[in-house]
Amino acid sequence: MKTVSLPVAFMPLVDAAPLIAAQEMGFAEAEGLTLDLVSAPSWSSVRDMLAFGRVDAAHLLSPVPIAMALGLGGVTTGLSAVSVLSVNGNVIGVSRALEARLRADGHPFDFANAAAAGAALARVAGDGLTIGVPFPFSMHVELLHVWCAATPLSDIRITIRTVPPPLMAQALAAGEIDAFCVGEPWGSVSVEANAGALLLPGAAIWAFAPEKVLATRTEWAETEPHLLERMMRAVWRAGRWLAQPDSRTAAAEMLSRRAWLDLPSEVIDRALSGNLMVSATGEVRTVPGFLEFHRGAANFPWRSQAKWIGGQIARRSGLDPASSMQRAGGVFRSDLYRVAMGAAGADLPGASEKLEGSLAHETPVASGTGRLILERDEFFDGRIFDPSGN
C-alpha cells in the first residue's frame, strides 16, 4: 500500500509513545500514512522545526503554542494544538544532598503529598533552590509555580533553569541544579544514575494536567485537512492501544529501541505502569493515572485548559490576562478534533470548556454516547478555574 509520508518531530520521552506506536503498530499505515519521526535534541528545536516547515506536526509541550500566540519566545508562527497526546507524566526530583537533608528532617518520600513535600523542601532549602525544567514555556514550569505559590516554598528564592531532558540527571549530579521537574523516563534515569531521588509526581499538584499536544502549523491544518484528520485518527487509535494494560510490555519494549528512547524497557515501564522507583535504595511508589494516553477524554483539547495556561503565562509576563486567555483558547482546536474524531467513533464531550480543578472523583458527563467519564482533575491547593471569568 502506497502511503503519504509526514515528517513529525518528537523528543525522546515516554509520552511520545502515541506517535511512535502509530507508526510502529500500523495505525498510521491503516490511514495511508507513514510518520517520518524526527528525534530532536531540545524543545526549542522541536518548536523551530515545526514553525519553519521542517516538519508538518510535532509532539510539543502544551504551553508552547499558547506562548507563541501571545507573542512570546521569539517565534510567532501560528500553531494549532489539534489533540492532547498525554496527560500527566512529570516528576519532581531532588539531589542526593537534598534527599539526605529531607530524610534527616523526617520526610517519608511518600511521593503523594504536595503540601507536605513543599513544606519539607522549604525547611531544608538553605539560601535557595535552582530547579531545572526542560523549557521556559512548559507544564513543568506551570506546576512548579502552582506548587511554590501554595506552600512555604513561596518564601524561598527559586531560580528556574532550562536543561534539556536527557541532560537533567547529569546536571543534577554535577550540582548545576538542586532539583528538577521533568518528564519520564529522565527522572528515573537520575535515580538509576544515583544522582537524586524523586519527591513528587506532577499529578500530585494537578491531577489531570495536559502535558504534550499534537501540534501543527495552523496554515497547514487549514490547507491539508484530510491529511490532518488521518494523522489525528492514527495517533488517537495508538493512544487507545497504549491505554490497554495488556499493551504495556510491548509498548515498553518498543520504546526502548535505539531509534526511540534507547533505554532499558524496565525503566520505561515505570512510567507506563505508574510504579516508580523513587530512590537508589529501591523504594517503589505507585501512582494511579501517572501517565494517561486515552482515559477520561485525555486527548480532547479543552479550551478551558488552554485558557488556564494562557492566564498563567500572561500574569507572569505582564500581559492582560483576559485577552490572553481568549487568544489561548483558540489554540486548542476542539473544533478540528470534533470533525476528525467524530468519524473515528470517539466519545466526544458535549462542551469544549469546563471548570478546571472541580472534579474530586470520576464523573460522568454529557457526551455523544452518554458513556463518557472524566477523571479526577483537582489542584492540590483546591483552586478551581472558571474559563468564563466568573
# chains A, B, ... in the order shown; residues from 1 in each chain; ligands from 1
$ residues_around --residues "Ala243 (chain A)" --least-positions-apart "3" --cutoff "8 Å" --atoms "only C-alpha atoms" --output "PDB file with all heavy atoms, in the first residue's frame"
ATOM      1  N   GLY A 239      -3.022   5.873  20.987  1.00  0.00           N
ATOM      2  CA  GLY A 239      -3.210   6.185  22.399  1.00  0.00           C
ATOM      3  C   GLY A 239      -4.173   5.228  23.063  1.00  0.00           C
ATOM      4  O   GLY A 239      -3.972   4.820  24.214  1.00  0.00           O
ATOM      5  N   ARG A 240      -5.231   4.850  22.352  1.00  0.00           N
ATOM      6  CA  ARG A 240      -6.189   3.882  22.893  1.00  0.00           C
ATOM      7  C   ARG A 240      -5.517   2.528  23.115  1.00  0.00           C
ATOM      8  O   ARG A 240      -5.753   1.871  24.133  1.00  0.00           O
ATOM      9  CB  ARG A 240      -7.373   3.751  21.931  1.00  0.00           C
ATOM     10  CG  ARG A 240      -8.473   2.828  22.410  1.00  0.00           C
ATOM     11  CD  ARG A 240      -9.662   2.843  21.474  1.00  0.00           C
ATOM     12  NE  ARG A 240      -9.298   2.387  20.121  1.00  0.00           N
ATOM     13  CZ  ARG A 240     -10.163   2.303  19.115  1.00  0.00           C
ATOM     14  NH1 ARG A 240     -11.434   2.661  19.287  1.00  0.00           N
ATOM     15  NH2 ARG A 240      -9.761   1.885  17.916  1.00  0.00           N
ATOM     16  N   SER A 247      -1.084  -4.037  26.730  1.00  0.00           N
ATOM     17  CA  SER A 247      -0.163  -3.469  25.740  1.00  0.00           C
ATOM     18  C   SER A 247       1.136  -2.997  26.374  1.00  0.00           C
ATOM     19  O   SER A 247       2.094  -2.671  25.652  1.00  0.00           O
ATOM     20  CB  SER A 247      -0.818  -2.286  25.015  1.00  0.00           C
ATOM     21  OG  SER A 247      -1.986  -2.661  24.333  1.00  0.00           O
ATOM     22  N   GLU A 292      -1.433   9.303  31.358  1.00  0.00           N
ATOM     23  CA  GLU A 292      -2.645   8.893  30.647  1.00  0.00           C
ATOM     24  C   GLU A 292      -2.525   9.208  29.161  1.00  0.00           C
ATOM     25  O   GLU A 292      -2.128  10.305  28.775  1.00  0.00           O
ATOM     26  CB  GLU A 292      -3.873   9.629  31.202  1.00  0.00           C
ATOM     27  CG  GLU A 292      -4.257   9.244  32.618  1.00  0.00           C
ATOM     28  CD  GLU A 292      -4.911   7.873  32.715  1.00  0.00           C
ATOM     29  OE1 GLU A 292      -5.072   7.205  31.668  1.00  0.00           O
ATOM     30  OE2 GLU A 292      -5.248   7.474  33.839  1.00  0.00           O
ATOM     31  N   PHE A 293      -2.901   8.221  28.334  1.00  0.00           N
ATOM     32  CA  PHE A 293      -2.907   8.408  26.890  1.00  0.00           C
ATOM     33  C   PHE A 293      -4.312   8.419  26.298  1.00  0.00           C
ATOM     34  O   PHE A 293      -4.474   8.755  25.119  1.00  0.00           O
ATOM     35  CB  PHE A 293      -2.108   7.292  26.207  1.00  0.00           C
ATOM     36  CG  PHE A 293      -0.633   7.333  26.487  1.00  0.00           C
ATOM     37  CD1 PHE A 293      -0.015   6.297  27.177  1.00  0.00           C
ATOM     38  CD2 PHE A 293       0.144   8.392  26.054  1.00  0.00           C
ATOM     39  CE1 PHE A 293       1.348   6.320  27.420  1.00  0.00           C
ATOM     40  CE2 PHE A 293       1.514   8.427  26.294  1.00  0.00           C
ATOM     41  CZ  PHE A 293       2.116   7.383  26.987  1.00  0.00           C
ATOM     42  N   HIS A 294      -5.342   8.032  27.084  1.00  0.00           N
ATOM     43  CA  HIS A 294      -6.654   7.885  26.468  1.00  0.00           C
ATOM     44  C   HIS A 294      -7.820   8.093  27.438  1.00  0.00           C
ATOM     45  O   HIS A 294      -8.796   8.757  27.090  1.00  0.00           O
ATOM     46  CB  HIS A 294      -6.750   6.483  25.834  1.00  0.00           C
ATOM     47  CG  HIS A 294      -8.017   6.248  25.079  1.00  0.00           C
ATOM     48  ND1 HIS A 294      -8.256   6.814  23.844  1.00  0.00           N
ATOM     49  CD2 HIS A 294      -9.115   5.503  25.380  1.00  0.00           C
ATOM     50  CE1 HIS A 294      -9.441   6.427  23.403  1.00  0.00           C
ATOM     51  NE2 HIS A 294      -9.995   5.634  24.311  1.00  0.00           N
ATOM     52  N   ARG A 295      -7.746   7.522  28.623  1.00  0.00           N
ATOM     53  CA  ARG A 295      -8.903   7.529  29.526  1.00  0.00           C
ATOM     54  C   ARG A 295      -9.334   8.939  29.894  1.00  0.00           C
ATOM     55  O   ARG A 295      -8.535   9.854  29.957  1.00  0.00           O
ATOM     56  CB  ARG A 295      -8.566   6.772  30.823  1.00  0.00           C
ATOM     57  CG  ARG A 295      -8.424   5.278  30.675  1.00  0.00           C
ATOM     58  CD  ARG A 295      -8.408   4.594  32.023  1.00  0.00           C
ATOM     59  NE  ARG A 295      -7.558   5.299  32.976  1.00  0.00           N
ATOM     60  CZ  ARG A 295      -7.746   5.323  34.295  1.00  0.00           C
ATOM     61  NH1 ARG A 295      -8.790   4.718  34.800  1.00  0.00           N
ATOM     62  NH2 ARG A 295      -6.919   5.957  35.082  1.00  0.00           N
TER      63      ARG A 295
END
$ select_by_dssp --residues "region 126-243 of chain A" --states "strand (DSSP E or B)" --output "PyMOL selection string"
chain A and resi 129-133+158-162+179-183+196-201+206+210-217
$ closest_residue --among "A:Ala97, A:Val55, A:Ala119, A:Val163" --to "Ser42 (chain A)" --atoms "only C-alpha atoms"
A:Val163
$ atom_distance --atom1 "CA of Arg258 (chain A)" --atom2 "CA of Ala21 (chain A)"
14.7 Å
$ residues_around --residues "region 44-48 of chain A" --least-positions-apart "2" --cutoff "10 Å" --atoms "only C-alpha atoms" --output "ChimeraX atom specification"
/A:8-11,38-42,50-55,57-61,64-65,68,73,75,77,79,134-136,164,215
$ closest_residue --among "A:Phe137, A:Phe109, A:Trp241, A:Trp236" --to "Ile309 (chain A)" --atoms "only C-alpha atoms"
A:Phe137
$ select_by_dssp --residues "region 43-215 of chain A" --states "helix (DSSP H, G or I)" --output "PDB file with N, CA and C atoms, in the first residue's frame"
ATOM      1  N   TRP A  43      13.564  21.154  23.173  1.00  0.00           N
ATOM      2  CA  TRP A  43      12.226  21.624  22.821  1.00  0.00           C
ATOM      3  C   TRP A  43      12.272  22.820  21.891  1.00  0.00           C
ATOM      4  N   SER A  44      13.294  23.639  21.987  1.00  0.00           N
ATOM      5  CA  SER A  44      13.397  24.758  21.046  1.00  0.00           C
ATOM      6  C   SER A  44      13.595  24.234  19.629  1.00  0.00           C
ATOM      7  N   SER A  45      14.307  23.111  19.497  1.00  0.00           N
ATOM      8  CA  SER A  45      14.488  22.511  18.175  1.00  0.00           C
ATOM      9  C   SER A  45      13.163  21.994  17.630  1.00  0.00           C
ATOM     10  N   VAL A  46      12.359  21.343  18.482  1.00  0.00           N
ATOM     11  CA  VAL A  46      11.053  20.857  18.050  1.00  0.00           C
ATOM     12  C   VAL A  46      10.200  22.026  17.570  1.00  0.00           C
ATOM     13  N   ARG A  47      10.142  23.070  18.384  1.00  0.00           N
ATOM     14  CA  ARG A  47       9.341  24.245  18.031  1.00  0.00           C
ATOM     15  C   ARG A  47       9.779  24.823  16.693  1.00  0.00           C
ATOM     16  N   ASP A  48      11.082  25.001  16.522  1.00  0.00           N
ATOM     17  CA  ASP A  48      11.583  25.649  15.312  1.00  0.00           C
ATOM     18  C   ASP A  48      11.381  24.773  14.077  1.00  0.00           C
ATOM     19  N   MET A  49      11.574  23.463  14.223  1.00  0.00           N
ATOM     20  CA  MET A  49      11.342  22.576  13.085  1.00  0.00           C
ATOM     21  C   MET A  49       9.905  22.676  12.598  1.00  0.00           C
ATOM     22  N   LEU A  50       8.962  22.780  13.548  1.00  0.00           N
ATOM     23  CA  LEU A  50       7.561  22.893  13.164  1.00  0.00           C
ATOM     24  C   LEU A  50       7.259  24.281  12.609  1.00  0.00           C
ATOM     25  N   ALA A  51       7.694  25.304  13.314  1.00  0.00           N
ATOM     26  CA  ALA A  51       7.369  26.679  12.916  1.00  0.00           C
ATOM     27  C   ALA A  51       7.914  27.030  11.540  1.00  0.00           C
ATOM     28  N   VAL A  64       3.627  25.696  24.740  1.00  0.00           N
ATOM     29  CA  VAL A  64       4.441  26.359  23.713  1.00  0.00           C
ATOM     30  C   VAL A  64       3.593  27.049  22.644  1.00  0.00           C
ATOM     31  N   PRO A  65       2.610  26.384  22.015  1.00  0.00           N
ATOM     32  CA  PRO A  65       1.827  27.106  21.011  1.00  0.00           C
ATOM     33  C   PRO A  65       1.016  28.257  21.590  1.00  0.00           C
ATOM     34  N   ILE A  66       0.689  28.171  22.875  1.00  0.00           N
ATOM     35  CA  ILE A  66      -0.038  29.263  23.527  1.00  0.00           C
ATOM     36  C   ILE A  66       0.891  30.459  23.718  1.00  0.00           C
ATOM     37  N   ALA A  67       2.101  30.215  24.199  1.00  0.00           N
ATOM     38  CA  ALA A  67       3.069  31.306  24.358  1.00  0.00           C
ATOM     39  C   ALA A  67       3.339  31.985  23.017  1.00  0.00           C
ATOM     40  N   MET A  68       3.438  31.190  21.950  1.00  0.00           N
ATOM     41  CA  MET A  68       3.666  31.758  20.619  1.00  0.00           C
ATOM     42  C   MET A  68       2.495  32.635  20.191  1.00  0.00           C
ATOM     43  N   ALA A  69       1.281  32.205  20.507  1.00  0.00           N
ATOM     44  CA  ALA A  69       0.096  33.005  20.167  1.00  0.00           C
ATOM     45  C   ALA A  69       0.067  34.315  20.931  1.00  0.00           C
ATOM     46  N   ARG A  96      20.993  14.297  45.694  1.00  0.00           N
ATOM     47  CA  ARG A  96      21.277  13.414  46.823  1.00  0.00           C
ATOM     48  C   ARG A  96      21.480  14.214  48.110  1.00  0.00           C
ATOM     49  N   ALA A  97      22.094  15.410  47.995  1.00  0.00           N
ATOM     50  CA  ALA A  97      22.315  16.239  49.186  1.00  0.00           C
ATOM     51  C   ALA A  97      20.976  16.676  49.779  1.00  0.00           C
ATOM     52  N   LEU A  98      20.047  17.109  48.922  1.00  0.00           N
ATOM     53  CA  LEU A  98      18.728  17.493  49.427  1.00  0.00           C
ATOM     54  C   LEU A  98      17.962  16.285  49.944  1.00  0.00           C
ATOM     55  N   GLU A  99      18.115  15.155  49.276  1.00  0.00           N
ATOM     56  CA  GLU A  99      17.458  13.941  49.764  1.00  0.00           C
ATOM     57  C   GLU A  99      17.907  13.630  51.197  1.00  0.00           C
ATOM     58  N   ALA A 100      19.215  13.724  51.444  1.00  0.00           N
ATOM     59  CA  ALA A 100      19.730  13.436  52.780  1.00  0.00           C
ATOM     60  C   ALA A 100      19.161  14.401  53.815  1.00  0.00           C
ATOM     61  N   ARG A 101      19.081  15.684  53.449  1.00  0.00           N
ATOM     62  CA  ARG A 101      18.529  16.674  54.383  1.00  0.00           C
ATOM     63  C   ARG A 101      17.048  16.429  54.638  1.00  0.00           C
ATOM     64  N   LEU A 102      16.320  16.073  53.596  1.00  0.00           N
ATOM     65  CA  LEU A 102      14.891  15.789  53.753  1.00  0.00           C
ATOM     66  C   LEU A 102      14.664  14.575  54.641  1.00  0.00           C
ATOM     67  N   ARG A 103      15.466  13.541  54.463  1.00  0.00           N
ATOM     68  CA  ARG A 103      15.310  12.346  55.295  1.00  0.00           C
ATOM     69  C   ARG A 103      15.674  12.648  56.746  1.00  0.00           C
ATOM     70  N   ALA A 104      16.707  13.473  56.943  1.00  0.00           N
ATOM     71  CA  ALA A 104      17.081  13.858  58.307  1.00  0.00           C
ATOM     72  C   ALA A 104      15.972  14.678  58.961  1.00  0.00           C
ATOM     73  N   ALA A 114       1.736  16.885  48.081  1.00  0.00           N
ATOM     74  CA  ALA A 114       2.442  18.057  47.570  1.00  0.00           C
ATOM     75  C   ALA A 114       2.624  19.126  48.630  1.00  0.00           C
ATOM     76  N   ALA A 115       1.640  19.301  49.506  1.00  0.00           N
ATOM     77  CA  ALA A 115       1.739  20.321  50.552  1.00  0.00           C
ATOM     78  C   ALA A 115       2.858  19.976  51.525  1.00  0.00           C
ATOM     79  N   ALA A 116       2.898  18.724  51.977  1.00  0.00           N
ATOM     80  CA  ALA A 116       3.928  18.307  52.934  1.00  0.00           C
ATOM     81  C   ALA A 116       5.307  18.334  52.293  1.00  0.00           C
ATOM     82  N   ALA A 117       5.407  17.913  51.034  1.00  0.00           N
ATOM     83  CA  ALA A 117       6.703  17.917  50.356  1.00  0.00           C
ATOM     84  C   ALA A 117       7.217  19.332  50.176  1.00  0.00           C
ATOM     85  N   GLY A 118       6.324  20.278  49.832  1.00  0.00           N
ATOM     86  CA  GLY A 118       6.743  21.666  49.680  1.00  0.00           C
ATOM     87  C   GLY A 118       7.221  22.268  50.981  1.00  0.00           C
ATOM     88  N   ALA A 119       6.512  21.975  52.063  1.00  0.00           N
ATOM     89  CA  ALA A 119       6.907  22.493  53.369  1.00  0.00           C
ATOM     90  C   ALA A 119       8.253  21.923  53.798  1.00  0.00           C
ATOM     91  N   ALA A 120       8.440  20.618  53.566  1.00  0.00           N
ATOM     92  CA  ALA A 120       9.698  19.981  53.954  1.00  0.00           C
ATOM     93  C   ALA A 120      10.863  20.522  53.137  1.00  0.00           C
ATOM     94  N   LEU A 121      10.655  20.686  51.831  1.00  0.00           N
ATOM     95  CA  LEU A 121      11.736  21.189  50.988  1.00  0.00           C
ATOM     96  C   LEU A 121      12.101  22.620  51.368  1.00  0.00           C
ATOM     97  N   ALA A 122      11.126  23.422  51.722  1.00  0.00           N
ATOM     98  CA  ALA A 122      11.398  24.793  52.136  1.00  0.00           C
ATOM     99  C   ALA A 122      12.251  24.823  53.402  1.00  0.00           C
ATOM    100  N   ARG A 123      12.007  23.875  54.309  1.00  0.00           N
ATOM    101  CA  ARG A 123      12.776  23.852  55.565  1.00  0.00           C
ATOM    102  C   ARG A 123      14.245  23.540  55.340  1.00  0.00           C
ATOM    103  N   VAL A 124      14.567  22.756  54.305  1.00  0.00           N
ATOM    104  CA  VAL A 124      15.958  22.328  54.118  1.00  0.00           C
ATOM    105  C   VAL A 124      16.641  23.030  52.950  1.00  0.00           C
ATOM    106  N   MET A 139       4.504  22.751  30.953  1.00  0.00           N
ATOM    107  CA  MET A 139       3.681  22.389  32.099  1.00  0.00           C
ATOM    108  C   MET A 139       4.547  22.204  33.334  1.00  0.00           C
ATOM    109  N   HIS A 140       5.816  21.858  33.137  1.00  0.00           N
ATOM    110  CA  HIS A 140       6.736  21.738  34.272  1.00  0.00           C
ATOM    111  C   HIS A 140       6.798  23.059  35.041  1.00  0.00           C
ATOM    112  N   VAL A 141       6.954  24.149  34.300  1.00  0.00           N
ATOM    113  CA  VAL A 141       7.027  25.476  34.923  1.00  0.00           C
ATOM    114  C   VAL A 141       5.695  25.824  35.580  1.00  0.00           C
ATOM    115  N   GLU A 142       4.589  25.530  34.907  1.00  0.00           N
ATOM    116  CA  GLU A 142       3.275  25.851  35.484  1.00  0.00           C
ATOM    117  C   GLU A 142       3.038  25.084  36.774  1.00  0.00           C
ATOM    118  N   LEU A 143       3.389  23.816  36.802  1.00  0.00           N
ATOM    119  CA  LEU A 143       3.212  23.015  38.019  1.00  0.00           C
ATOM    120  C   LEU A 143       4.073  23.557  39.154  1.00  0.00           C
ATOM    121  N   LEU A 144       5.303  23.940  38.837  1.00  0.00           N
ATOM    122  CA  LEU A 144       6.183  24.484  39.878  1.00  0.00           C
ATOM    123  C   LEU A 144       5.617  25.776  40.460  1.00  0.00           C
ATOM    124  N   HIS A 145       5.073  26.638  39.605  1.00  0.00           N
ATOM    125  CA  HIS A 145       4.511  27.895  40.110  1.00  0.00           C
ATOM    126  C   HIS A 145       3.290  27.643  41.003  1.00  0.00           C
ATOM    127  N   VAL A 146       2.431  26.724  40.606  1.00  0.00           N
ATOM    128  CA  VAL A 146       1.282  26.382  41.444  1.00  0.00           C
ATOM    129  C   VAL A 146       1.744  25.834  42.786  1.00  0.00           C
ATOM    130  N   TRP A 147       2.715  24.935  42.740  1.00  0.00           N
ATOM    131  CA  TRP A 147       3.224  24.279  43.954  1.00  0.00           C
ATOM    132  C   TRP A 147       3.894  25.281  44.882  1.00  0.00           C
ATOM    133  N   CYS A 148       4.779  26.081  44.326  1.00  0.00           N
ATOM    134  CA  CYS A 148       5.524  27.031  45.165  1.00  0.00           C
ATOM    135  C   CYS A 148       4.608  28.090  45.773  1.00  0.00           C
ATOM    136  N   ALA A 149       3.623  28.560  45.007  1.00  0.00           N
ATOM    137  CA  ALA A 149       2.758  29.632  45.489  1.00  0.00           C
ATOM    138  C   ALA A 149       1.907  29.206  46.677  1.00  0.00           C
ATOM    139  N   PRO A 152       5.230  26.835  51.679  1.00  0.00           N
ATOM    140  CA  PRO A 152       6.294  27.723  52.162  1.00  0.00           C
ATOM    141  C   PRO A 152       7.428  27.947  51.169  1.00  0.00           C
ATOM    142  N   LEU A 153       7.437  27.221  50.068  1.00  0.00           N
ATOM    143  CA  LEU A 153       8.434  27.492  49.027  1.00  0.00           C
ATOM    144  C   LEU A 153       8.276  28.896  48.465  1.00  0.00           C
ATOM    145  N   SER A 154       7.118  29.522  48.678  1.00  0.00           N
ATOM    146  CA  SER A 154       6.907  30.895  48.210  1.00  0.00           C
ATOM    147  C   SER A 154       7.837  31.873  48.915  1.00  0.00           C
ATOM    148  N   ASP A 155       8.377  31.474  50.067  1.00  0.00           N
ATOM    149  CA  ASP A 155       9.292  32.345  50.814  1.00  0.00           C
ATOM    150  C   ASP A 155      10.754  32.062  50.492  1.00  0.00           C
ATOM    151  N   PRO A 165      15.830  17.583  28.651  1.00  0.00           N
ATOM    152  CA  PRO A 165      15.512  16.401  29.472  1.00  0.00           C
ATOM    153  C   PRO A 165      16.610  15.342  29.547  1.00  0.00           C
ATOM    154  N   PRO A 166      17.261  14.958  28.420  1.00  0.00           N
ATOM    155  CA  PRO A 166      18.281  13.918  28.528  1.00  0.00           C
ATOM    156  C   PRO A 166      19.502  14.310  29.353  1.00  0.00           C
ATOM    157  N   LEU A 167      19.653  15.603  29.632  1.00  0.00           N
ATOM    158  CA  LEU A 167      20.806  16.078  30.401  1.00  0.00           C
ATOM    159  C   LEU A 167      20.464  16.379  31.859  1.00  0.00           C
ATOM    160  N   MET A 168      19.217  16.111  32.263  1.00  0.00           N
ATOM    161  CA  MET A 168      18.774  16.508  33.602  1.00  0.00           C
ATOM    162  C   MET A 168      19.544  15.772  34.699  1.00  0.00           C
ATOM    163  N   ALA A 169      19.721  14.464  34.561  1.00  0.00           N
ATOM    164  CA  ALA A 169      20.437  13.687  35.586  1.00  0.00           C
ATOM    165  C   ALA A 169      21.881  14.161  35.701  1.00  0.00           C
ATOM    166  N   GLN A 170      22.509  14.436  34.565  1.00  0.00           N
ATOM    167  CA  GLN A 170      23.887  14.911  34.560  1.00  0.00           C
ATOM    168  C   GLN A 170      24.007  16.265  35.267  1.00  0.00           C
ATOM    169  N   ALA A 171      23.068  17.170  34.992  1.00  0.00           N
ATOM    170  CA  ALA A 171      23.095  18.487  35.639  1.00  0.00           C
ATOM    171  C   ALA A 171      22.890  18.366  37.143  1.00  0.00           C
ATOM    172  N   LEU A 172      22.032  17.435  37.557  1.00  0.00           N
ATOM    173  CA  LEU A 172      21.792  17.231  38.982  1.00  0.00           C
ATOM    174  C   LEU A 172      23.041  16.678  39.656  1.00  0.00           C
ATOM    175  N   ALA A 173      23.670  15.690  39.032  1.00  0.00           N
ATOM    176  CA  ALA A 173      24.870  15.076  39.611  1.00  0.00           C
ATOM    177  C   ALA A 173      26.019  16.069  39.697  1.00  0.00           C
ATOM    178  N   TRP A 186      13.268  10.505  32.252  1.00  0.00           N
ATOM    179  CA  TRP A 186      14.505  11.162  32.667  1.00  0.00           C
ATOM    180  C   TRP A 186      14.598  11.367  34.171  1.00  0.00           C
ATOM    181  N   GLY A 187      13.464  11.355  34.888  1.00  0.00           N
ATOM    182  CA  GLY A 187      13.542  11.331  36.348  1.00  0.00           C
ATOM    183  C   GLY A 187      14.059   9.993  36.834  1.00  0.00           C
ATOM    184  N   SER A 188      13.540   8.915  36.263  1.00  0.00           N
ATOM    185  CA  SER A 188      14.000   7.582  36.642  1.00  0.00           C
ATOM    186  C   SER A 188      15.467   7.374  36.278  1.00  0.00           C
ATOM    187  N   VAL A 189      15.909   7.977  35.184  1.00  0.00           N
ATOM    188  CA  VAL A 189      17.324   7.882  34.815  1.00  0.00           C
ATOM    189  C   VAL A 189      18.196   8.504  35.901  1.00  0.00           C
ATOM    190  N   SER A 190      17.748   9.602  36.513  1.00  0.00           N
ATOM    191  CA  SER A 190      18.535  10.227  37.584  1.00  0.00           C
ATOM    192  C   SER A 190      18.630   9.310  38.798  1.00  0.00           C
ATOM    193  N   VAL A 191      17.569   8.552  39.063  1.00  0.00           N
ATOM    194  CA  VAL A 191      17.609   7.577  40.161  1.00  0.00           C
ATOM    195  C   VAL A 191      18.562   6.442  39.810  1.00  0.00           C
ATOM    196  N   GLU A 192      18.464   5.935  38.577  1.00  0.00           N
ATOM    197  CA  GLU A 192      19.354   4.856  38.137  1.00  0.00           C
ATOM    198  C   GLU A 192      20.815   5.280  38.204  1.00  0.00           C
ATOM    199  N   GLY A 202       4.024  14.934  39.080  1.00  0.00           N
ATOM    200  CA  GLY A 202       3.291  16.144  38.723  1.00  0.00           C
ATOM    201  C   GLY A 202       1.812  16.035  39.046  1.00  0.00           C
ATOM    202  N   ALA A 203       1.268  14.813  38.967  1.00  0.00           N
ATOM    203  CA  ALA A 203      -0.152  14.602  39.231  1.00  0.00           C
ATOM    204  C   ALA A 203      -0.540  14.921  40.665  1.00  0.00           C
ATOM    205  N   ALA A 204       0.428  14.994  41.572  1.00  0.00           N
ATOM    206  CA  ALA A 204       0.131  15.378  42.954  1.00  0.00           C
ATOM    207  C   ALA A 204      -0.157  16.867  43.061  1.00  0.00           C
TER     208      ALA A 204
END
$ atom_distance --atom1 "CA of Gly274 (chain A)" --atom2 "CA of Gly357 (chain A)"
21.6 Å
$ atom_distance --atom1 "CA of Trp206 (chain A)" --atom2 "CA of Phe385 (chain A)"
12.0 Å
$ residues_around --residues "Arg376 (chain A)" --least-positions-apart "2" --cutoff "12 Å" --atoms "only C-alpha atoms" --output "list in words"
Val87, Ala203, Ala204, Trp206, Ala207, Phe208, Ala209, Pro288, Gly289, Arg295, Gly296, Ala297, Ala298, Leu355, Glu356, Gly357, Ser358, Leu359, Ala360, His361, Glu362, Thr363, Pro364, Ile373, Leu374, Glu378, Phe379 and Phe380 of chain A
$ write_last_selection --atoms "C-alpha atoms" --output "PDB file, in the first residue's frame"
ATOM      1  CA  VAL A  87      -1.871  13.852  30.447  1.00  0.00           C
ATOM      2  CA  ALA A 203      -0.152  14.602  39.231  1.00  0.00           C
ATOM      3  CA  ALA A 204       0.131  15.378  42.954  1.00  0.00           C
ATOM      4  CA  TRP A 206      -2.651  18.968  39.260  1.00  0.00           C
ATOM      5  CA  ALA A 207      -4.346  15.618  38.900  1.00  0.00           C
ATOM      6  CA  PHE A 208      -5.081  15.880  35.152  1.00  0.00           C
ATOM      7  CA  ALA A 209      -2.659  18.285  33.510  1.00  0.00           C
ATOM      8  CA  PRO A 288      -2.644   5.648  39.657  1.00  0.00           C
ATOM      9  CA  GLY A 289      -3.021   7.657  36.473  1.00  0.00           C
ATOM     10  CA  ARG A 295      -8.903   7.529  29.526  1.00  0.00           C
ATOM     11  CA  GLY A 296     -11.164  10.332  30.661  1.00  0.00           C
ATOM     12  CA  ALA A 297     -11.164  12.168  27.315  1.00  0.00           C
ATOM     13  CA  ALA A 298      -7.434  12.647  27.796  1.00  0.00           C
ATOM     14  CA  LEU A 355     -14.345  24.132  35.297  1.00  0.00           C
ATOM     15  CA  GLU A 356     -10.723  23.056  35.723  1.00  0.00           C
ATOM     16  CA  GLY A 357      -9.913  21.511  39.086  1.00  0.00           C
ATOM     17  CA  SER A 358     -13.512  20.846  40.081  1.00  0.00           C
ATOM     18  CA  LEU A 359     -13.634  17.038  39.847  1.00  0.00           C
ATOM     19  CA  ALA A 360     -12.774  15.222  43.069  1.00  0.00           C
ATOM     20  CA  HIS A 361     -13.544  11.798  41.604  1.00  0.00           C
ATOM     21  CA  GLU A 362     -14.539  10.111  38.344  1.00  0.00           C
ATOM     22  CA  THR A 363     -17.581  11.931  36.964  1.00  0.00           C
ATOM     23  CA  PRO A 364     -19.997  11.043  34.121  1.00  0.00           C
ATOM     24  CA  ILE A 373     -16.438   9.535  32.382  1.00  0.00           C
ATOM     25  CA  LEU A 374     -13.936  12.267  33.228  1.00  0.00           C
ATOM     26  CA  GLU A 378      -8.140  18.570  41.304  1.00  0.00           C
ATOM     27  CA  PHE A 379      -5.374  21.044  42.045  1.00  0.00           C
ATOM     28  CA  PHE A 380      -3.710  20.212  45.355  1.00  0.00           C
TER      29      PHE A 380
END
$ residues_around --residues "Gly329 (chain A)" --least-positions-apart "6" --cutoff "7 Å" --atoms "only C-alpha atoms" --output "ChimeraX atom specification"
/A:303-304,306-307
$ closest_residue --among "A:Ser86, A:Thr249, A:Ser5, A:Ser95" --to "Leu227 (chain A)" --atoms "only C-alpha atoms"
A:Ser5
